[in-house]
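Shown next: run-v6.cif, containing mmCIF, C-alpha atoms.
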```cif
data_start
#
loop_
_atom_site.label_atom_id
_atom_site.label_comp_id
_atom_site.auth_asym_id
_atom_site.auth_seq_id
_atom_site.Cartn_x
_atom_site.Cartn_y
_atom_site.Cartn_z
CA MET A 270 82.40 54.57 215.88
CA TRP A 271 79.25 55.02 213.80
CA ALA A 272 77.42 56.57 216.74
CA ILE A 273 80.20 59.18 216.98
CA PHE A 274 80.08 59.66 213.21
CA LYS A 275 76.33 60.29 213.21
CA ARG A 276 76.59 62.59 216.23
CA GLU A 277 79.34 64.72 214.68
CA LEU A 278 77.73 64.91 211.25
CA LYS A 279 74.43 65.91 212.84
CA THR A 280 76.23 68.57 214.87
CA TYR A 281 77.49 70.22 211.68
CA PHE A 282 73.92 70.70 210.50
CA ASN A 283 72.51 71.57 213.91
CA SER A 284 74.82 74.57 213.89
CA SER A 285 75.57 76.98 211.09
CA ILE A 286 79.05 75.61 210.32
CA GLY A 287 77.90 72.91 207.91
CA TYR A 288 75.56 75.19 205.99
CA ILE A 289 78.08 78.03 205.78
CA TYR A 290 80.83 75.69 204.61
CA LEU A 291 78.67 74.14 201.89
CA ALA A 292 77.35 77.54 200.82
CA VAL A 293 80.90 78.88 200.42
CA MET A 294 82.13 75.81 198.53
CA TYR A 295 79.09 75.56 196.26
CA GLY A 296 78.87 79.30 195.70
CA LEU A 297 82.51 79.84 194.78
CA GLY A 298 82.75 76.59 192.82
CA GLY A 299 79.58 77.36 190.91
CA TYR A 300 80.75 80.86 190.05
CA GLN A 301 84.09 79.53 188.79
CA PHE A 302 82.37 76.85 186.72
CA TYR A 303 79.97 79.40 185.23
CA SER A 304 82.90 81.67 184.30
CA ILE A 305 84.62 78.85 182.44
CA PHE A 306 81.46 77.40 180.89
CA SER A 307 80.29 80.80 179.64
CA ARG A 308 83.57 81.15 177.72
CA GLY A 309 82.91 77.86 175.94
CA SER A 310 85.57 75.92 177.83
CA SER A 311 85.06 72.37 179.10
CA GLU A 312 88.23 72.32 181.24
CA LEU A 313 87.31 71.52 184.83
CA THR A 314 90.93 71.53 185.99
CA TYR A 315 90.72 75.26 186.70
CA VAL A 316 87.66 74.73 188.88
CA PHE A 317 89.40 71.91 190.76
CA SER A 318 92.49 74.03 191.35
CA PHE A 319 90.35 76.94 192.52
CA ILE A 320 88.37 74.77 194.94
CA CYS A 321 91.63 73.18 196.13
CA ASN A 322 92.88 76.61 197.21
CA ILE A 323 89.56 77.38 198.88
CA ALA A 324 89.52 74.01 200.66
CA MET A 325 92.98 74.56 202.12
CA TYR A 326 91.71 77.70 203.86
CA THR A 327 88.26 76.41 204.86
CA ILE A 328 89.05 72.92 206.16
CA PRO A 329 90.27 74.42 209.49
CA LEU A 330 86.65 75.54 209.98
CA LEU A 331 85.54 71.90 209.75
CA THR A 332 88.14 70.53 212.14
CA MET A 333 88.55 73.28 214.74
CA ARG A 334 85.67 72.02 216.91
CA LEU A 335 86.09 68.26 216.48
CA MET A 336 87.98 67.72 219.74
CA SER A 337 88.44 71.20 221.20
CA GLU A 338 84.71 71.71 221.75
CA ASP A 339 84.43 68.52 223.79
CA LYS A 340 87.44 69.57 225.86
CA LYS A 341 86.00 73.02 226.48
CA LEU A 342 82.56 71.70 227.43
CA LYS A 343 84.14 68.83 229.44
CA THR A 344 82.12 66.32 227.42
CA ASP A 345 85.37 64.61 226.50
CA GLN A 346 85.18 62.84 229.87
CA LEU A 347 81.89 61.26 228.79
CA LEU A 348 83.47 60.12 225.53
CA LEU A 349 86.48 58.64 227.32
CA THR A 350 84.26 56.66 229.69
CA SER A 351 81.86 55.52 226.97
CA PRO A 352 81.96 51.98 225.56
CA VAL A 353 83.41 53.37 222.31
CA SER A 354 87.14 52.81 221.88
CA ILE A 355 89.46 55.79 221.53
CA GLY A 356 90.18 54.72 217.96
CA GLY A 357 86.44 54.65 217.31
CA ILE A 358 86.05 58.17 218.69
CA ILE A 359 88.82 59.57 216.50
CA PHE A 360 87.74 57.71 213.37
CA GLY A 361 84.11 58.71 213.90
CA LYS A 362 85.03 62.39 214.11
CA PHE A 363 87.44 62.12 211.17
CA LEU A 364 84.87 60.42 208.95
CA ALA A 365 82.17 62.97 209.85
CA ALA A 366 84.36 65.88 208.71
CA LEU A 367 85.42 63.90 205.64
CA ALA A 368 81.78 63.16 204.78
CA LEU A 369 80.89 66.86 204.85
CA TYR A 370 83.94 67.60 202.70
CA LEU A 371 82.85 64.90 200.25
CA ILE A 372 79.35 66.40 200.08
CA ALA A 373 80.98 69.69 199.07
CA MET A 374 82.94 67.84 196.37
CA MET A 375 79.77 66.38 194.86
CA GLN A 376 79.32 69.61 192.93
CA PHE A 377 81.93 68.32 190.48
CA VAL A 378 79.69 65.39 189.58
CA VAL A 379 77.05 67.93 188.52
CA TYR A 380 79.60 69.91 186.52
CA ILE A 381 80.92 66.89 184.62
CA LEU A 382 77.37 65.78 183.80
CA VAL A 383 76.56 69.24 182.44
CA LEU A 384 79.70 69.22 180.31
CA SER A 385 78.95 65.70 179.08
CA ALA A 386 75.77 67.02 177.49
CA PHE A 387 77.80 69.38 175.28
CA ASP A 388 81.20 67.76 174.84
CA LYS A 389 83.11 64.56 175.55
CA PRO A 390 85.05 65.18 178.79
CA ASP A 391 88.43 63.67 179.64
CA TRP A 392 87.38 61.25 182.34
CA ASN A 393 90.96 60.37 183.33
CA VAL A 394 91.71 63.98 184.14
CA PHE A 395 88.40 64.35 185.97
CA LEU A 396 88.96 61.24 188.10
CA GLY A 397 92.57 62.25 188.78
CA ASN A 398 91.49 65.71 189.93
CA PHE A 399 88.63 64.32 192.02
CA LEU A 400 90.80 61.71 193.72
CA GLY A 401 93.62 64.19 194.31
CA LEU A 402 91.29 66.75 195.86
CA PHE A 403 89.68 64.08 198.03
CA LEU A 404 93.01 62.73 199.30
CA LEU A 405 94.39 66.21 199.94
CA GLY A 406 91.27 67.12 201.91
CA ALA A 407 91.45 63.88 203.92
CA ALA A 408 95.09 64.60 204.84
CA LEU A 409 94.31 68.17 205.93
CA ILE A 410 91.31 66.98 207.96
CA ALA A 411 93.53 64.47 209.78
CA ILE A 412 96.01 67.27 210.53
CA GLY A 413 93.23 69.56 211.74
CA LEU A 414 91.80 66.80 213.95
CA PHE A 415 95.18 66.31 215.63
CA ILE A 416 95.62 70.02 216.29
CA SER A 417 92.05 70.23 217.63
CA ALA A 418 92.89 67.41 220.02
CA MET A 419 95.78 69.48 221.38
CA THR A 420 93.73 72.46 222.56
CA GLU A 421 90.32 73.41 223.91
CA ASN A 422 90.34 76.74 222.05
CA GLN A 423 88.63 76.43 218.67
CA MET A 424 90.27 79.56 217.31
CA VAL A 425 93.73 78.29 218.24
CA ALA A 426 92.89 74.95 216.57
CA ALA A 427 91.76 76.71 213.37
CA ILE A 428 94.80 79.00 213.23
CA GLY A 429 97.15 76.10 213.98
CA CYS A 430 95.67 73.98 211.19
CA LEU A 431 95.77 76.89 208.76
CA ALA A 432 99.39 77.69 209.65
CA LEU A 433 100.51 74.09 209.13
CA THR A 434 98.57 73.92 205.86
CA ILE A 435 100.33 77.05 204.59
CA ILE A 436 103.72 75.65 205.62
CA LEU A 437 103.05 72.39 203.77
CA SER A 438 101.99 74.32 200.66
CA LEU A 439 105.31 76.22 200.72
CA PHE A 440 107.52 73.12 200.71
CA ASP A 441 108.16 73.46 196.96
CA SER A 442 109.41 77.01 197.47
CA ILE A 443 111.48 75.93 200.47
CA ALA A 444 113.00 73.11 198.41
CA ALA A 445 114.21 75.62 195.82
CA LEU A 446 116.04 77.55 198.56
CA MET A 447 117.86 74.56 200.03
CA PRO A 448 121.68 74.70 199.74
CA ASN A 449 122.11 71.08 198.63
CA ALA A 450 120.29 68.54 196.51
CA PHE A 451 119.53 66.17 199.38
CA LEU A 452 117.60 68.70 201.47
CA SER A 453 115.88 69.97 198.35
CA SER A 454 114.79 66.42 197.52
CA VAL A 455 113.46 65.87 201.06
CA PHE A 456 111.22 68.94 200.93
CA THR A 457 110.09 68.08 197.41
CA GLN A 458 109.09 64.58 198.50
CA LEU A 459 107.13 66.02 201.43
CA SER A 460 105.34 68.61 199.30
CA VAL A 461 101.59 68.09 199.12
CA THR A 462 101.18 70.56 196.26
CA SER A 463 103.63 68.86 193.88
CA ARG A 464 101.98 65.50 194.48
CA TYR A 465 98.52 67.00 194.04
CA ASN A 466 99.62 68.62 190.76
CA ASP A 467 100.31 65.16 189.31
CA PHE A 468 96.69 64.22 190.01
CA VAL A 469 95.63 67.41 188.22
CA SER A 470 97.41 66.15 185.11
CA GLY A 471 95.53 62.86 185.31
CA LEU A 472 98.58 60.90 186.52
CA LEU A 473 97.52 58.29 189.09
CA ASP A 474 100.77 57.48 190.88
CA VAL A 475 100.38 54.88 193.64
CA SER A 476 103.18 56.52 195.64
CA HIS A 477 101.19 59.77 195.75
CA ILE A 478 98.09 57.94 196.95
CA LEU A 479 100.12 56.19 199.66
CA PHE A 480 101.68 59.51 200.65
CA PHE A 481 98.32 61.11 201.45
CA ILE A 482 97.04 57.95 203.13
CA SER A 483 100.22 57.92 205.25
CA ILE A 484 99.60 61.51 206.37
CA CYS A 485 96.08 60.52 207.42
CA ALA A 486 97.37 57.46 209.28
CA VAL A 487 100.14 59.37 211.10
CA PHE A 488 97.95 62.22 212.34
CA ILE A 489 95.04 59.94 213.25
CA PHE A 490 97.52 57.83 215.24
CA LEU A 491 98.85 60.97 216.97
CA SER A 492 95.29 62.05 217.78
CA ILE A 493 94.62 58.66 219.35
CA ARG A 494 97.79 59.00 221.42
CA VAL A 495 96.72 62.45 222.64
CA LEU A 496 93.33 61.08 223.71
CA GLU A 497 94.93 58.05 225.38
CA LYS A 498 97.19 60.35 227.36
CA LYS A 499 94.12 62.37 228.39
CA ARG A 500 92.33 59.20 229.53
CA TRP A 501 95.16 58.11 231.80
CA SER A 502 96.11 61.54 233.14
#
```
Could you show the structure in this file as structure tokens?
Amino acid sequence: MWAIFKRELKTYFNSSIGYIYLAVMYGLGGYQFYSIFSRGSSELTYVFSFICNIAMYTIPLLTMRLMSEDKKLKTDQLLLTSPVSIGGIIFGKFLAALALYLIAMMQFVVYILVLSAFDKPDWNVFLGNFLGLFLLGAALIAIGLFISAMTENQMVAAIGCLALTIILSLFDSIAALMPNAFLSSVFTQLSVTSRYNDFVSGLLDVSHILFFISICAVFIFLSIRVLEKKRWS
């Protein structure tokens, strides 16, 4: 698994994808932080929310090549016949994308340290936002990995991940349109945005943490099943 992890993480930086992704995240996050800081505000929640929106549209760029590139180049056959288990392959690729995402999130550590020099920050809110953004990103990466495993076309994988991300973000709006309370409750419970918003408020609800972990587990499991089917076909 760690060999796959190192290979995938190195691939991000051997190409332009990793540098472009980090440049976009750091550039936009830094600009948003500067805008707030220059107004004398120490509220990082706005920066977190802004980066959350950016992450939802940029994560497909991280995941689109994870499996589809190997399928296109036919190197997936080498992976399937390697001594690494299918679970190890999937987890290695998932963790590589998650590591790059976490590197992008490290900008918030710099921001909170800068604010600490001028004011006493609310660490509960900061940790809630950080954890929420991390879990949301992990869930979207798992979804993107699954979609990438379904196709050899990177563009299709990116568009598919983006489309599903947009649908998930609209669950709150869909819940409001449901004709009865039961259906409305179902969509509300499945909404990633409403659960993320609780983290933004500094509320660490175990059920929300388990929800995002469950999404990761389900889509990683589905990715493993896709690869297993490929091995035996």
Contact table stretch 337-409 of chain A vs stretch 456-471 of chain A, cut-off 7 Å, shortest pair per residue, all atoms listed in the file, as a Markdown table:
```
| residue | atom | partner | partner_atom | distance |
| --- | --- | --- | --- | --- |
| A:Asn393 | CA | A:Gly471 | CA | 5.6 |
| A:Val394 | CA | A:Gly471 | CA | 4.1 |
| A:Gly397 | CA | A:Gly471 | CA | 4.6 |
| A:Asn398 | CA | A:Val469 | CA | 4.8 |
| A:Gly401 | CA | A:Phe468 | CA | 5.3 |
```
Output of the PyMOL selection byres ((chain A and resi 273) around 10), listed as a list of chain:residue names: A:Met270, A:Trp271, A:Ala272, A:Phe274, A:Lys275, A:Arg276, A:Glu277, A:Leu278, A:Lys279, A:Leu348, A:Val353, A:Gly357, A:Ile358, A:Ile359, A:Phe360, A:Gly361, A:Lys362, A:Phe363, A:Leu364, A:Ala365
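Interatomic distance, atom CA of A:Ile489 to atom CA of A:Ala411: 5.9 Å.
Minimum distance to A:Tyr288 across A:Tyr326, A:Phe440, A:Tyr370, A:Phe319 (counting all atoms listed in the file) occurs at A:Tyr370.
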- request: Determine the residue set returned by the PyMOL selection byres ((chain A and resi 491-495) around 12) for the present structure, and present it as a VMD selection string.
  value: chain A and resid 335 to 337 349 354 to 363 410 to 420 484 to 490 496 to 502
field: Residue list as an MDAnalysis selection string for point (85.0, 60.7, 185.6), cut-off 12 Å, all atoms listed in the file
entry: chainID A and resid 313 377:382 384:385 389:400 471
- prompt: A:Gly296, A:Pro448, A:Pro329, A:Gly309: which is nearest A:Gln423, counting all atoms listed in the file?
  reply: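 Under the stated criterion, the closest residue is A:Pro329.
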